[in-house]
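Engineer: Quick one: structure below, then a few questions.
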Amino acid sequence: MSNLKEGSYGTILTVDSENHFVSYMKVESSAGSQSQVSCSPQNIEDDTKSVLECSLSDLEVPFVTGRTEKFTIYFDASGTQVIPNFNVNVNLKTRSIDTNMSNNKRVITMKVESKADIVFEG
């Protein structure tokens, strides 16, 4: 995530996966990141959508001009149906005035890796 213009306040990254229940495991900041990104899953009434919110700035300390944050979010897709891939929607929002809303959204196709341990006895 990068800020190309003036500092933004209340900057939040939301990540969701529609129609597939994936659970958030952890977030790791990359080497050279300026701060730790904090993420928390949001309560959803049913298991058809999983939403994660990551805070990049609050209302007191802005996400400053030129700042770039690199981090990895890990998910567990073991609770979903068997599928080869699914889409993850990524969206940035801020309480500040955003000069270009068109670069705030991405859809990323995720490949599902399955690990099994089957055994035959007898």
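Going by the structure tokens order, chains are called A, B, ..., each with residues numbered from 1, while ligands are numbered from 1 in the order shown.
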Which residues, written as number ranges by chain, have at least one atom at most 8 Å from stretch 76-93 of chain A, with only C-alpha atoms counted and residues fewer than 3 positions away on the same chain left out?

Structural biologist: A: 10-18, 20-25, 104-113

Engineer: What gap, in Å, lies between atom CA of A:Met1 and atom CA of A:Lys70?

Structural biologist: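 Taking atom CA of A:Met1 and atom CA of A:Lys70, their separation equals 6.5 Å.
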
Engineer: Identify, on the basis of only C-alpha atoms, every residue whose closest approach to A:Pro41 does not exceed 9 Å; exclude the query and any residue fewer than 4 positions from it along the same chain; express the result as a PyMOL selection string.

Structural biologist: chain A and resi 23-24+50-54

Engineer: Can you tell me how far atom CA of A:Gly7 sits from atom CA of A:Ser30, in Å to one decimal?

Structural biologist: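 Taking atom CA of A:Gly7 and atom CA of A:Ser30, their separation equals 21.5 Å.
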
Engineer: Please report, as a ChimeraX atom specification, each residue of chain A to which DSSP assigns strand (DSSP E) when run on this structure's backbone.

Structural biologist: /A:12-18,23-29,38-41,49-55,71-76,85-93,105-111

Engineer: Taking N, CA and C atoms for each residue, export the selection above as a short mmCIF file (atom, residue, chain, number, x, y, z; two decimals), in the first residue's frame.

Structural biologist:
data_model
loop_
_atom_site.label_atom_id
_atom_site.label_comp_id
_atom_site.auth_asym_id
_atom_site.auth_seq_id
_atom_site.Cartn_x
_atom_site.Cartn_y
_atom_site.Cartn_z
N ILE A 12 -8.04 2.56 6.13
CA ILE A 12 -8.34 1.17 6.43
C ILE A 12 -8.36 0.35 5.15
N LEU A 13 -7.72 -0.80 5.21
CA LEU A 13 -7.75 -1.78 4.13
C LEU A 13 -8.75 -2.85 4.52
N THR A 14 -9.70 -3.14 3.63
CA THR A 14 -10.63 -4.24 3.87
C THR A 14 -10.37 -5.33 2.85
N VAL A 15 -10.41 -6.56 3.33
CA VAL A 15 -10.20 -7.73 2.49
C VAL A 15 -11.39 -8.65 2.71
N ASP A 16 -12.06 -9.04 1.64
CA ASP A 16 -13.17 -9.97 1.82
C ASP A 16 -13.20 -11.00 0.71
N SER A 17 -13.78 -12.11 1.05
CA SER A 17 -13.94 -13.21 0.11
C SER A 17 -15.40 -13.61 0.14
N GLU A 18 -16.10 -13.36 -0.95
CA GLU A 18 -17.52 -13.66 -1.01
C GLU A 18 -17.77 -15.13 -1.31
N SER A 23 -10.71 -18.04 6.89
CA SER A 23 -10.45 -17.39 8.17
C SER A 23 -9.06 -16.76 8.18
N TYR A 24 -8.98 -15.64 8.84
CA TYR A 24 -7.74 -14.89 8.98
C TYR A 24 -6.84 -15.61 9.97
N MET A 25 -5.57 -15.78 9.61
CA MET A 25 -4.62 -16.42 10.51
C MET A 25 -3.68 -15.40 11.14
N LYS A 26 -2.96 -14.61 10.30
CA LYS A 26 -2.00 -13.64 10.84
C LYS A 26 -1.59 -12.67 9.75
N VAL A 27 -0.93 -11.58 10.17
CA VAL A 27 -0.35 -10.62 9.25
C VAL A 27 1.11 -10.43 9.65
N GLU A 28 1.99 -10.37 8.65
CA GLU A 28 3.41 -10.14 8.89
C GLU A 28 3.87 -8.95 8.07
N SER A 29 4.47 -7.97 8.73
CA SER A 29 5.04 -6.82 8.02
C SER A 29 6.34 -7.24 7.35
N SER A 38 -2.07 -3.60 11.89
CA SER A 38 -2.93 -4.42 12.73
C SER A 38 -4.20 -4.78 11.96
N CYS A 39 -4.55 -6.05 12.00
CA CYS A 39 -5.73 -6.55 11.29
C CYS A 39 -6.63 -7.27 12.26
N SER A 40 -7.94 -7.21 11.99
CA SER A 40 -8.90 -7.94 12.81
C SER A 40 -10.08 -8.38 11.96
N PRO A 41 -10.53 -9.62 12.16
CA PRO A 41 -11.70 -10.09 11.42
C PRO A 41 -12.96 -9.40 11.93
N LYS A 49 -19.50 -15.02 4.06
CA LYS A 49 -18.55 -13.96 3.74
C LYS A 49 -17.61 -13.75 4.91
N SER A 50 -16.33 -13.60 4.61
CA SER A 50 -15.33 -13.34 5.63
C SER A 50 -14.71 -11.97 5.32
N VAL A 51 -14.69 -11.07 6.31
CA VAL A 51 -14.17 -9.71 6.11
C VAL A 51 -13.06 -9.44 7.12
N LEU A 52 -11.97 -8.89 6.64
CA LEU A 52 -10.85 -8.53 7.48
C LEU A 52 -10.59 -7.04 7.31
N GLU A 53 -10.38 -6.33 8.42
CA GLU A 53 -10.03 -4.91 8.37
C GLU A 53 -8.63 -4.72 8.93
N CYS A 54 -7.80 -3.97 8.18
CA CYS A 54 -6.44 -3.67 8.60
C CYS A 54 -6.29 -2.16 8.69
N SER A 55 -5.86 -1.69 9.84
CA SER A 55 -5.69 -0.26 10.07
C SER A 55 -4.29 0.18 9.66
N PHE A 71 3.14 -5.90 3.46
CA PHE A 71 2.85 -6.92 4.46
C PHE A 71 2.14 -8.09 3.79
N THR A 72 2.15 -9.21 4.47
CA THR A 72 1.53 -10.43 3.97
C THR A 72 0.43 -10.85 4.94
N ILE A 73 -0.74 -11.13 4.39
CA ILE A 73 -1.86 -11.61 5.18
C ILE A 73 -2.03 -13.10 4.88
N TYR A 74 -2.08 -13.90 5.94
CA TYR A 74 -2.26 -15.34 5.79
C TYR A 74 -3.69 -15.73 6.14
N PHE A 75 -4.28 -16.57 5.29
CA PHE A 75 -5.64 -17.06 5.50
C PHE A 75 -5.65 -18.58 5.55
N ASP A 76 -6.67 -19.12 6.15
CA ASP A 76 -6.90 -20.56 6.17
C ASP A 76 -8.20 -20.81 5.41
N ASN A 85 -9.62 -22.29 -6.93
CA ASN A 85 -9.26 -20.91 -6.63
C ASN A 85 -10.51 -20.12 -6.27
N PHE A 86 -10.31 -18.93 -5.74
CA PHE A 86 -11.42 -18.03 -5.41
C PHE A 86 -10.90 -16.60 -5.42
N ASN A 87 -11.81 -15.65 -5.51
CA ASN A 87 -11.43 -14.24 -5.57
C ASN A 87 -11.42 -13.61 -4.19
N VAL A 88 -10.46 -12.72 -3.98
CA VAL A 88 -10.38 -11.93 -2.77
C VAL A 88 -10.49 -10.48 -3.20
N ASN A 89 -11.42 -9.74 -2.59
CA ASN A 89 -11.62 -8.33 -2.89
C ASN A 89 -10.85 -7.49 -1.88
N VAL A 90 -10.05 -6.56 -2.39
CA VAL A 90 -9.22 -5.69 -1.55
C VAL A 90 -9.64 -4.25 -1.82
N ASN A 91 -9.90 -3.49 -0.75
CA ASN A 91 -10.38 -2.12 -0.90
C ASN A 91 -9.74 -1.23 0.16
N LEU A 92 -9.26 -0.07 -0.27
CA LEU A 92 -8.72 0.94 0.66
C LEU A 92 -9.75 2.05 0.83
N LYS A 93 -9.91 2.52 2.07
CA LYS A 93 -10.78 3.66 2.31
C LYS A 93 -10.14 4.56 3.35
N LYS A 105 -9.25 -0.22 -5.36
CA LYS A 105 -9.84 -1.55 -5.33
C LYS A 105 -9.08 -2.50 -6.24
N ARG A 106 -8.99 -3.74 -5.80
CA ARG A 106 -8.38 -4.80 -6.59
C ARG A 106 -9.14 -6.09 -6.30
N VAL A 107 -9.23 -6.95 -7.29
CA VAL A 107 -9.72 -8.31 -7.10
C VAL A 107 -8.55 -9.23 -7.40
N ILE A 108 -8.19 -10.04 -6.43
CA ILE A 108 -7.05 -10.94 -6.56
C ILE A 108 -7.56 -12.37 -6.56
N THR A 109 -7.17 -13.13 -7.55
CA THR A 109 -7.55 -14.54 -7.60
C THR A 109 -6.54 -15.35 -6.82
N MET A 110 -7.03 -16.09 -5.83
CA MET A 110 -6.18 -16.89 -4.96
C MET A 110 -6.26 -18.35 -5.36
N LYS A 111 -5.12 -18.99 -5.45
CA LYS A 111 -5.06 -20.42 -5.70
C LYS A 111 -5.15 -21.14 -4.37
#

Engineer: Could you state the separation of atom CA of A:Ser8 and atom CA of A:Ser96 in Å, given to one decimal place?

Structural biologist: 5.4 Å

Engineer: Show which residues sit within 8 Å of A:Glu6, as a list in words. Count only C-alpha atoms, and ignore same-chain residues fewer than 2 positions away.

Structural biologist: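 What passes the distance filter is Asn3, Leu4, Ser8, Val64 and Thr65 of chain A.
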
Engineer: Would you mind exporting the chosen residues as a PDB file, in the first residue's frame, restricted to C-alpha atoms?

Structural biologist:
ATOM      1  CA  ASN A   3       0.173   7.017  -0.382  1.00  0.00           C
ATOM      2  CA  LEU A   4       0.840   9.158  -3.458  1.00  0.00           C
ATOM      3  CA  SER A   8      -4.611  10.343   4.900  1.00  0.00           C
ATOM      4  CA  VAL A  64       1.894  10.151   5.291  1.00  0.00           C
ATOM      5  CA  THR A  65       2.833  11.149   1.753  1.00  0.00           C
TER       6      THR A  65
END
